[in-house]
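Here is the file entry.pdb (PDB, C-alpha atoms).
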ATOM      1  CA  MET A   1      36.552   1.290 -46.654  1.00  0.00           C
ATOM      2  CA  LYS A   2      33.273   3.214 -46.619  1.00  0.00           C
ATOM      3  CA  LYS A   3      31.279   0.061 -47.357  1.00  0.00           C
ATOM      4  CA  LYS A   4      32.980  -1.823 -44.534  1.00  0.00           C
ATOM      5  CA  MET A   5      32.390   1.043 -42.083  1.00  0.00           C
ATOM      6  CA  PHE A   6      28.713   1.277 -43.074  1.00  0.00           C
ATOM      7  CA  GLY A   7      28.298  -2.458 -42.548  1.00  0.00           C
ATOM      8  CA  LEU A   8      29.889  -2.202 -39.118  1.00  0.00           C
ATOM      9  CA  ILE A   9      27.509   0.620 -38.087  1.00  0.00           C
ATOM     10  CA  VAL A  10      24.464  -1.377 -39.232  1.00  0.00           C
ATOM     11  CA  THR A  11      25.653  -4.439 -37.320  1.00  0.00           C
ATOM     12  CA  VAL A  12      26.207  -2.445 -34.128  1.00  0.00           C
ATOM     13  CA  MET A  13      22.779  -0.800 -34.415  1.00  0.00           C
ATOM     14  CA  ALA A  14      21.108  -4.173 -34.935  1.00  0.00           C
ATOM     15  CA  MET A  15      22.798  -5.502 -31.814  1.00  0.00           C
ATOM     16  CA  VAL A  16      21.993  -2.480 -29.625  1.00  0.00           C
ATOM     17  CA  PHE A  17      18.504  -1.589 -30.827  1.00  0.00           C
ATOM     18  CA  PRO A  18      16.650  -4.631 -29.357  1.00  0.00           C
ATOM     19  CA  VAL A  19      18.216  -3.870 -25.984  1.00  0.00           C
ATOM     20  CA  LEU A  20      16.907  -0.303 -26.140  1.00  0.00           C
ATOM     21  CA  VAL A  21      13.441  -1.513 -27.078  1.00  0.00           C
ATOM     22  CA  ASN A  22      13.359  -4.026 -24.211  1.00  0.00           C
ATOM     23  CA  ALA A  23      14.507  -1.354 -21.757  1.00  0.00           C
ATOM     24  CA  GLU A  24      11.592   0.907 -22.713  1.00  0.00           C
ATOM     25  CA  THR A  25       8.904  -1.759 -23.112  1.00  0.00           C
ATOM     26  CA  PRO A  26       8.465  -4.107 -20.115  1.00  0.00           C
ATOM     27  CA  GLU A  27       7.752  -7.731 -20.799  1.00  0.00           C
ATOM     28  CA  ASN A  28       4.174  -8.944 -20.450  1.00  0.00           C
ATOM     29  CA  ILE A  29       3.175  -9.293 -16.816  1.00  0.00           C
ATOM     30  CA  VAL A  30       0.433 -11.980 -16.809  1.00  0.00           C
ATOM     31  CA  LYS A  31      -0.924 -14.812 -18.909  1.00  0.00           C
ATOM     32  CA  ILE A  32      -4.025 -16.940 -19.378  1.00  0.00           C
ATOM     33  CA  GLY A  33      -2.971 -20.294 -20.738  1.00  0.00           C
ATOM     34  CA  ASP A  34      -0.441 -19.464 -23.463  1.00  0.00           C
ATOM     35  CA  LYS A  35      -1.794 -15.955 -24.106  1.00  0.00           C
ATOM     36  CA  GLU A  36       0.203 -13.150 -22.469  1.00  0.00           C
ATOM     37  CA  TYR A  37      -1.027  -9.674 -21.522  1.00  0.00           C
ATOM     38  CA  ALA A  38       0.716  -6.395 -20.751  1.00  0.00           C
ATOM     39  CA  THR A  39      -1.556  -5.500 -17.812  1.00  0.00           C
ATOM     40  CA  PHE A  40      -3.805  -7.190 -15.265  1.00  0.00           C
ATOM     41  CA  GLN A  41      -6.783  -5.252 -16.612  1.00  0.00           C
ATOM     42  CA  GLU A  42      -6.287  -6.507 -20.160  1.00  0.00           C
ATOM     43  CA  ALA A  43      -6.256 -10.097 -18.940  1.00  0.00           C
ATOM     44  CA  ILE A  44      -9.320  -9.620 -16.731  1.00  0.00           C
ATOM     45  CA  ASP A  45     -11.240  -7.930 -19.547  1.00  0.00           C
ATOM     46  CA  ALA A  46     -10.446 -10.907 -21.785  1.00  0.00           C
ATOM     47  CA  VAL A  47     -12.139 -13.346 -19.381  1.00  0.00           C
ATOM     48  CA  GLU A  48     -15.722 -14.188 -20.238  1.00  0.00           C
ATOM     49  CA  ASN A  49     -18.269 -14.310 -17.438  1.00  0.00           C
ATOM     50  CA  ASN A  50     -18.589 -18.084 -17.152  1.00  0.00           C
ATOM     51  CA  GLY A  51     -20.390 -18.453 -13.832  1.00  0.00           C
ATOM     52  CA  THR A  52     -19.055 -21.210 -11.578  1.00  0.00           C
ATOM     53  CA  THR A  53     -15.944 -22.007 -13.635  1.00  0.00           C
ATOM     54  CA  ALA A  54     -12.942 -19.925 -12.566  1.00  0.00           C
ATOM     55  CA  THR A  55     -10.320 -18.712 -15.024  1.00  0.00           C
ATOM     56  CA  THR A  56      -6.725 -18.647 -13.764  1.00  0.00           C
ATOM     57  CA  ILE A  57      -4.460 -15.698 -14.515  1.00  0.00           C
ATOM     58  CA  GLU A  58      -0.775 -16.388 -13.812  1.00  0.00           C
ATOM     59  CA  VAL A  59       1.716 -13.646 -12.969  1.00  0.00           C
ATOM     60  CA  LEU A  60       4.910 -13.970 -15.019  1.00  0.00           C
ATOM     61  CA  ARG A  61       7.390 -11.773 -13.137  1.00  0.00           C
ATOM     62  CA  ASP A  62       7.976  -9.176 -10.443  1.00  0.00           C
ATOM     63  CA  SER A  63       7.196  -5.575 -11.301  1.00  0.00           C
ATOM     64  CA  GLY A  64      10.264  -3.490 -12.136  1.00  0.00           C
ATOM     65  CA  ALA A  65      11.715  -0.909  -9.755  1.00  0.00           C
ATOM     66  CA  THR A  66      10.477   2.022 -11.874  1.00  0.00           C
ATOM     67  CA  GLU A  67       7.611   0.246 -13.636  1.00  0.00           C
ATOM     68  CA  ASN A  68       4.079   1.614 -13.460  1.00  0.00           C
ATOM     69  CA  VAL A  69       1.567  -1.239 -13.034  1.00  0.00           C
ATOM     70  CA  PRO A  70      -2.022   0.006 -13.551  1.00  0.00           C
ATOM     71  CA  GLY A  71      -4.703  -1.031 -11.064  1.00  0.00           C
ATOM     72  CA  ILE A  72      -7.635  -3.425 -11.437  1.00  0.00           C
ATOM     73  CA  MET A  73     -11.285  -2.384 -11.870  1.00  0.00           C
ATOM     74  CA  VAL A  74     -14.101  -4.953 -12.055  1.00  0.00           C
ATOM     75  CA  VAL A  75     -17.608  -3.509 -12.365  1.00  0.00           C
ATOM     76  CA  ALA A  76     -20.895  -5.073 -11.264  1.00  0.00           C
ATOM     77  CA  SER A  77     -22.282  -5.031 -14.804  1.00  0.00           C
ATOM     78  CA  ASN A  78     -19.501  -7.351 -15.991  1.00  0.00           C
ATOM     79  CA  PRO A  79     -18.745  -9.772 -13.126  1.00  0.00           C
ATOM     80  CA  LYS A  80     -15.850 -12.229 -13.291  1.00  0.00           C
ATOM     81  CA  ASN A  81     -14.828 -15.519 -11.679  1.00  0.00           C
ATOM     82  CA  ILE A  82     -11.033 -15.391 -11.560  1.00  0.00           C
ATOM     83  CA  ILE A  83      -8.040 -16.849  -9.721  1.00  0.00           C
ATOM     84  CA  ILE A  84      -4.896 -14.693  -9.848  1.00  0.00           C
ATOM     85  CA  ASP A  85      -1.873 -16.815  -8.998  1.00  0.00           C
ATOM     86  CA  PHE A  86       1.147 -14.604  -8.349  1.00  0.00           C
ATOM     87  CA  LYS A  87       3.542 -17.566  -8.509  1.00  0.00           C
ATOM     88  CA  GLY A  88       5.663 -16.091  -5.724  1.00  0.00           C
ATOM     89  CA  HIS A  89       6.072 -12.721  -7.462  1.00  0.00           C
ATOM     90  CA  THR A  90       5.777  -9.215  -6.002  1.00  0.00           C
ATOM     91  CA  ILE A  91       3.705  -6.539  -7.724  1.00  0.00           C
ATOM     92  CA  GLN A  92       3.937  -2.864  -6.810  1.00  0.00           C
ATOM     93  CA  PHE A  93       0.777  -1.253  -8.197  1.00  0.00           C
ATOM     94  CA  GLY A  94       0.848   2.274  -9.595  1.00  0.00           C
ATOM     95  CA  GLN A  95      -1.252   4.688 -11.642  1.00  0.00           C
ATOM     96  CA  PRO A  96      -3.943   5.259 -12.695  1.00  0.00           C
ATOM     97  CA  LEU A  97      -5.845   4.713  -9.476  1.00  0.00           C
ATOM     98  CA  VAL A  98      -9.305   3.139  -9.768  1.00  0.00           C
ATOM     99  CA  GLY A  99     -12.631   3.270  -7.959  1.00  0.00           C
ATOM    100  CA  SER A 100     -16.136   4.661  -8.191  1.00  0.00           C
ATOM    101  CA  THR A 101     -16.695   8.047  -9.831  1.00  0.00           C
ATOM    102  CA  GLY A 102     -15.250  10.715  -7.565  1.00  0.00           C
ATOM    103  CA  TYR A 103     -13.466   8.130  -5.392  1.00  0.00           C
ATOM    104  CA  LYS A 104     -10.610   6.912  -7.558  1.00  0.00           C
ATOM    105  CA  SER A 105      -8.152   6.286  -4.754  1.00  0.00           C
ATOM    106  CA  GLN A 106      -7.600   2.527  -4.946  1.00  0.00           C
ATOM    107  CA  ASN A 107      -5.374   0.023  -6.710  1.00  0.00           C
ATOM    108  CA  ILE A 108      -7.884  -2.857  -6.802  1.00  0.00           C
ATOM    109  CA  HIS A 109     -11.654  -2.297  -6.923  1.00  0.00           C
ATOM    110  CA  ILE A 110     -13.978  -5.304  -7.301  1.00  0.00           C
ATOM    111  CA  GLU A 111     -17.736  -4.795  -7.315  1.00  0.00           C
ATOM    112  CA  LYS A 112     -20.680  -6.988  -6.347  1.00  0.00           C
ATOM    113  CA  GLY A 113     -21.264 -10.214  -8.282  1.00  0.00           C
ATOM    114  CA  SER A 114     -17.677 -11.311  -8.883  1.00  0.00           C
ATOM    115  CA  THR A 115     -15.642 -14.077  -7.260  1.00  0.00           C
ATOM    116  CA  PHE A 116     -11.885 -13.595  -6.968  1.00  0.00           C
ATOM    117  CA  VAL A 117      -8.954 -15.481  -5.461  1.00  0.00           C
ATOM    118  CA  PHE A 118      -5.584 -13.754  -5.036  1.00  0.00           C
ATOM    119  CA  LYS A 119      -2.833 -16.137  -3.949  1.00  0.00           C
ATOM    120  CA  ASN A 120       0.870 -16.988  -3.681  1.00  0.00           C
ATOM    121  CA  GLY A 121       2.629 -13.630  -3.757  1.00  0.00           C
ATOM    122  CA  THR A 122       2.839 -10.028  -2.627  1.00  0.00           C
ATOM    123  CA  VAL A 123       0.878  -6.932  -3.668  1.00  0.00           C
ATOM    124  CA  LYS A 124       1.939  -3.427  -2.663  1.00  0.00           C
ATOM    125  CA  ILE A 125      -0.030  -0.197  -2.679  1.00  0.00           C
ATOM    126  CA  ASP A 126       0.835   2.856  -4.765  1.00  0.00           C
ATOM    127  CA  ALA A 127       2.343   5.780  -2.827  1.00  0.00           C
ATOM    128  CA  ASN A 128      -0.710   7.954  -3.608  1.00  0.00           C
ATOM    129  CA  ALA A 129      -3.445   5.373  -2.973  1.00  0.00           C
ATOM    130  CA  ALA A 130      -5.785   5.350   0.030  1.00  0.00           C
ATOM    131  CA  MET A 131      -6.792   1.684  -0.371  1.00  0.00           C
ATOM    132  CA  LEU A 132      -5.028  -1.307  -1.851  1.00  0.00           C
ATOM    133  CA  PHE A 133      -8.276  -3.330  -2.087  1.00  0.00           C
ATOM    134  CA  GLN A 134     -11.816  -2.002  -2.049  1.00  0.00           C
ATOM    135  CA  ASN A 135     -14.015  -5.060  -2.226  1.00  0.00           C
ATOM    136  CA  TYR A 136     -17.731  -5.768  -2.756  1.00  0.00           C
ATOM    137  CA  ALA A 137     -17.260  -9.316  -4.086  1.00  0.00           C
ATOM    138  CA  ASN A 138     -16.659 -12.826  -2.797  1.00  0.00           C
ATOM    139  CA  LEU A 139     -12.919 -12.650  -2.229  1.00  0.00           C
ATOM    140  CA  THR A 140     -10.276 -15.113  -1.019  1.00  0.00           C
ATOM    141  CA  LEU A 141      -6.742 -14.106  -0.069  1.00  0.00           C
ATOM    142  CA  GLU A 142      -4.516 -17.161   0.234  1.00  0.00           C
ATOM    143  CA  ASP A 143      -0.784 -17.175   1.036  1.00  0.00           C
ATOM    144  CA  LEU A 144      -0.703 -13.511   0.025  1.00  0.00           C
ATOM    145  CA  THR A 145       0.994 -10.466   1.514  1.00  0.00           C
ATOM    146  CA  VAL A 146      -1.156  -7.334   1.189  1.00  0.00           C
ATOM    147  CA  ASP A 147       1.219  -4.453   1.908  1.00  0.00           C
ATOM    148  CA  ALA A 148      -0.240  -0.962   2.278  1.00  0.00           C
ATOM    149  CA  THR A 149       2.723   0.411   4.230  1.00  0.00           C
ATOM    150  CA  THR A 150       4.200   1.879   1.031  1.00  0.00           C
ATOM    151  CA  SER A 151       1.454   4.549   0.753  1.00  0.00           C
ATOM    152  CA  LYS A 152       2.600   8.106   1.513  1.00  0.00           C
ATOM    153  CA  ARG A 153      -0.880   9.607   1.931  1.00  0.00           C
ATOM    154  CA  GLN A 154      -1.524  11.626   5.053  1.00  0.00           C
ATOM    155  CA  THR A 155      -5.108  10.357   5.410  1.00  0.00           C
ATOM    156  CA  THR A 156      -5.996   6.923   6.826  1.00  0.00           C
ATOM    157  CA  VAL A 157      -4.810   4.142   4.535  1.00  0.00           C
ATOM    158  CA  TYR A 158      -6.625   0.791   4.205  1.00  0.00           C
ATOM    159  CA  ALA A 159      -4.961  -2.410   3.088  1.00  0.00           C
ATOM    160  CA  LEU A 160      -8.345  -4.115   2.580  1.00  0.00           C
ATOM    161  CA  SER A 161     -11.781  -2.478   2.738  1.00  0.00           C
ATOM    162  CA  ASN A 162     -14.789  -4.839   2.717  1.00  0.00           C
ATOM    163  CA  ASN A 163     -18.208  -3.452   1.913  1.00  0.00           C
ATOM    164  CA  TYR A 164     -20.085  -6.553   0.781  1.00  0.00           C
ATOM    165  CA  GLY A 165     -19.635 -10.233   0.016  1.00  0.00           C
ATOM    166  CA  LYS A 166     -17.827 -13.081   1.754  1.00  0.00           C
ATOM    167  CA  VAL A 167     -14.113 -12.584   2.340  1.00  0.00           C
ATOM    168  CA  ASN A 168     -11.815 -15.432   3.367  1.00  0.00           C
ATOM    169  CA  ILE A 169      -8.292 -14.710   4.609  1.00  0.00           C
ATOM    170  CA  ILE A 170      -6.513 -18.053   4.697  1.00  0.00           C
ATOM    171  CA  GLY A 171      -3.117 -19.746   4.603  1.00  0.00           C
ATOM    172  CA  LYS A 172      -0.027 -17.700   5.392  1.00  0.00           C
ATOM    173  CA  THR A 173      -1.561 -14.345   4.530  1.00  0.00           C
ATOM    174  CA  ASN A 174      -0.200 -11.042   5.837  1.00  0.00           C
ATOM    175  CA  ILE A 175      -2.222  -7.820   5.851  1.00  0.00           C
ATOM    176  CA  LEU A 176      -0.061  -4.805   6.627  1.00  0.00           C
ATOM    177  CA  SER A 177      -0.978  -1.152   7.043  1.00  0.00           C
ATOM    178  CA  ASN A 178       0.171   1.820   9.071  1.00  0.00           C
ATOM    179  CA  GLY A 179      -3.504   2.749   9.258  1.00  0.00           C
ATOM    180  CA  VAL A 180      -6.298   0.157   8.909  1.00  0.00           C
ATOM    181  CA  ALA A 181      -5.495  -3.467   8.080  1.00  0.00           C
ATOM    182  CA  PHE A 182      -9.096  -4.208   7.118  1.00  0.00           C
ATOM    183  CA  ASP A 183     -12.647  -3.197   7.859  1.00  0.00           C
ATOM    184  CA  VAL A 184     -16.136  -4.664   7.624  1.00  0.00           C
ATOM    185  CA  TYR A 185     -18.535  -1.944   6.535  1.00  0.00           C
ATOM    186  CA  TYR A 186     -22.282  -2.544   6.673  1.00  0.00           C
ATOM    187  CA  TRP A 187     -23.946  -0.445   3.996  1.00  0.00           C
ATOM    188  CA  PRO A 188     -27.594  -1.517   3.615  1.00  0.00           C
ATOM    189  CA  LYS A 189     -28.434   1.110   1.000  1.00  0.00           C
ATOM    190  CA  ASN A 190     -27.939   0.733  -2.742  1.00  0.00           C
ATOM    191  CA  GLY A 191     -28.328  -3.053  -2.829  1.00  0.00           C
ATOM    192  CA  TYR A 192     -25.976  -4.065   0.012  1.00  0.00           C
ATOM    193  CA  LYS A 193     -28.493  -4.994   2.709  1.00  0.00           C
ATOM    194  CA  GLU A 194     -27.046  -8.531   3.115  1.00  0.00           C
ATOM    195  CA  GLY A 195     -23.829  -6.981   4.395  1.00  0.00           C
ATOM    196  CA  GLY A 196     -20.325  -8.361   4.414  1.00  0.00           C
ATOM    197  CA  GLN A 197     -18.583 -11.215   6.181  1.00  0.00           C
ATOM    198  CA  VAL A 198     -14.852 -11.615   6.842  1.00  0.00           C
ATOM    199  CA  THR A 199     -13.395 -14.922   8.044  1.00  0.00           C
ATOM    200  CA  VAL A 200      -9.759 -15.006   9.161  1.00  0.00           C
ATOM    201  CA  ASP A 201      -8.120 -18.435   9.376  1.00  0.00           C
ATOM    202  CA  ALA A 202      -4.524 -17.504   8.634  1.00  0.00           C
ATOM    203  CA  THR A 203      -1.077 -18.034  10.133  1.00  0.00           C
ATOM    204  CA  GLY A 204       0.380 -14.739   8.865  1.00  0.00           C
ATOM    205  CA  ASN A 205       0.535 -11.292  10.471  1.00  0.00           C
ATOM    206  CA  ILE A 206      -2.074  -8.554  10.629  1.00  0.00           C
ATOM    207  CA  LYS A 207      -0.639  -5.089  11.224  1.00  0.00           C
ATOM    208  CA  GLY A 208      -3.011  -2.146  11.676  1.00  0.00           C
ATOM    209  CA  LYS A 209      -6.452  -1.424  13.038  1.00  0.00           C
ATOM    210  CA  ILE A 210      -9.539  -3.527  12.359  1.00  0.00           C
ATOM    211  CA  GLU A 211     -12.743  -1.517  11.916  1.00  0.00           C
ATOM    212  CA  VAL A 212     -16.367  -2.608  12.094  1.00  0.00           C
ATOM    213  CA  THR A 213     -18.729   0.122  10.912  1.00  0.00           C
TER     214      THR A 213
END

Re-express the file's structure as structure tokens.
Amino acid sequence: MKKKMFGLIVTVMAMVFPVLVNAETPENIVKIGDKEYATFQEAIDAVENNGTTATTIEVLRDSGATENVPGIMVVASNPKNIIIDFKGHTIQFGQPLVGSTGYKSQNIHIEKGSTFVFKNGTVKIDANAAMLFQNYANLTLEDLTVDATTSKRQTTVYALSNNYGKVNIIGKTNILSNGVAFDVYYWPKNGYKEGGQVTVDATGNIKGKIEVT
């Protein structure tokens, strides 16, 4: 009787334990080819700087209701050429926030020298973030919803802040903020004398102020 009971306990544990593991450990969120990654940053860091040839990162699923999805940081010293295809999924970014030293208040920060395309999905800001995107790169948003209305900060919140590079907002792209939808900031110091350029050729909605500074 004891042997049978012990066998039953082991069987039940074997059936339940994988469920508990899966509940605590979210499935990988993106992939490059057949290789999957747990975070956007891990996938981006794995991409070699290959100049004019873009690497595609595919999003595998929506973010979970209580899942914490870390932000994206791409520095000027290690530029990337990347397409992130959300495949219709929605990602709610979380902690830690990223940005320059002393200004870590963003979910996505891309510095000068990179080329990025974000397309086919929805990205949402963290409740404590001041900016969803802070961009210094050549950036295309295509058929993407950029939603900064989920921030709870009392200061002005930016969906998309553009400090340098060429930005193209195309397709059915929505940019939503209770503060600033996007800006174009001319900052000639520190290597940004060429300035920024934003072209909007989209059929989506823009909610919020537009700033030129």

* Taking the file as shown, find all residues satisfying the PyMOL selection byres ((chain A and resi 181) around 8) and write them as a PyMOL selection string. => chain A and resi 158-160+175-180+182-183+206-210

* Asked: Once you count only C-alpha atoms, which residues end up no further than 10 Å from (6.0, 2.9, -8.9) in the file's frame, shown as a ChimeraX atom specification?
  -> /A:63-70,91-95,124-128

* To do: Step by step, work through what the PyMOL selection byres ((chain A and resi 41) around 8) selects in the shown file, and finish by giving those residues as an MDAnalysis selection string.
  => chainID A and resid 39:40 42:45 70:73

* To do: Would you translate the PyMOL selection byres ((chain A and resi 138) around 12) into the concrete set of residues it matches in this file, as a VMD selection string?
  => chain A and resid 79 to 83 110 to 118 134 to 137 139 to 141 162 to 169 195 to 199

Writer output for current selection, C-alpha atoms, as a CSV table (one decimal), in the frame of the given file:
chain,number,residue,atom,x,y,z
A,79,PRO,CA,-18.7,-9.8,-13.1
A,80,LYS,CA,-15.8,-12.2,-13.3
A,81,ASN,CA,-14.8,-15.5,-11.7
A,82,ILE,CA,-11.0,-15.4,-11.6
A,83,ILE,CA,-8.0,-16.8,-9.7
A,110,ILE,CA,-14.0,-5.3,-7.3
A,111,GLU,CA,-17.7,-4.8,-7.3
A,112,LYS,CA,-20.7,-7.0,-6.3
A,113,GLY,CA,-21.3,-10.2,-8.3
A,114,SER,CA,-17.7,-11.3,-8.9
A,115,THR,CA,-15.6,-14.1,-7.3
A,116,PHE,CA,-11.9,-13.6,-7.0
A,117,VAL,CA,-9.0,-15.5,-5.5
A,118,PHE,CA,-5.6,-13.8,-5.0
A,134,GLN,CA,-11.8,-2.0,-2.0
A,135,ASN,CA,-14.0,-5.1,-2.2
A,136,TYR,CA,-17.7,-5.8,-2.8
A,137,ALA,CA,-17.3,-9.3,-4.1
A,139,LEU,CA,-12.9,-12.6,-2.2
A,140,THR,CA,-10.3,-15.1,-1.0
A,141,LEU,CA,-6.7,-14.1,-0.1
A,162,ASN,CA,-14.8,-4.8,2.7
A,163,ASN,CA,-18.2,-3.5,1.9
A,164,TYR,CA,-20.1,-6.6,0.8
A,165,GLY,CA,-19.6,-10.2,0.0
A,166,LYS,CA,-17.8,-13.1,1.8
A,167,VAL,CA,-14.1,-12.6,2.3
A,168,ASN,CA,-11.8,-15.4,3.4
A,169,ILE,CA,-8.3,-14.7,4.6
A,195,GLY,CA,-23.8,-7.0,4.4
A,196,GLY,CA,-20.3,-8.4,4.4
A,197,GLN,CA,-18.6,-11.2,6.2
A,198,VAL,CA,-14.9,-11.6,6.8
A,199,THR,CA,-13.4,-14.9,8.0

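Proximity ranking of A:Thr122, A:Gly204, A:Glu27, A:Val75 relative to Thr101 in chain A places A:Val75 first, based on only C-alpha atoms.
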
* **Nearest candidate to Lys172 in chain A (options A:Glu211, A:Glu142, A:Glu36, A:Glu48; using all atoms listed in the file)** => A:Glu142

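Of note, CA of Lys35 in chain A and CA of His109 in chain A are spaced 24.1 Å apart.
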
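Counting from CA of Thr173 in chain A, the distance to CA of Pro188 in chain A is 29.0 Å.
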
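Each of A:Val74, A:Leu144, A:Ile32, A:Met131 was compared to Ala54 in chain A using all atoms listed in the file, and A:Ile32 turns out to be the nearest.
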
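Nearest to Gln154 in chain A of all the residues A:Gly191, A:Val212, A:Ala130, A:Gly102 is A:Ala130, counting all atoms listed in the file.
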
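Going from CA of Thr56 in chain A to CA of Val184 in chain A covers 27.2 Å.
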
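Nearest to Ser151 in chain A of all the residues A:Ser105, A:Lys119, A:Asn190, A:Leu60 is A:Ser105, counting all atoms listed in the file.
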
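Taking all atoms listed in the file into account, Trp187 in chain A lies nearest to A:Thr213 out of the set A:Asn28, A:Thr213, A:Asn205, A:Thr150.
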
Range 85-87 of chain A environment, 7 Å, only C-alpha atoms, sequence neighbours closer than 3 positions dropped, as a CSV table (one decimal) with C-alpha atoms, in the coordinates of the input:
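What follows is the written file selection_29.csv:
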chain,number,residue,atom,x,y,z
A,57,ILE,CA,-4.5,-15.7,-14.5
A,58,GLU,CA,-0.8,-16.4,-13.8
A,59,VAL,CA,1.7,-13.6,-13.0
A,118,PHE,CA,-5.6,-13.8,-5.0
A,119,LYS,CA,-2.8,-16.1,-3.9
A,120,ASN,CA,0.9,-17.0,-3.7
A,121,GLY,CA,2.6,-13.6,-3.8
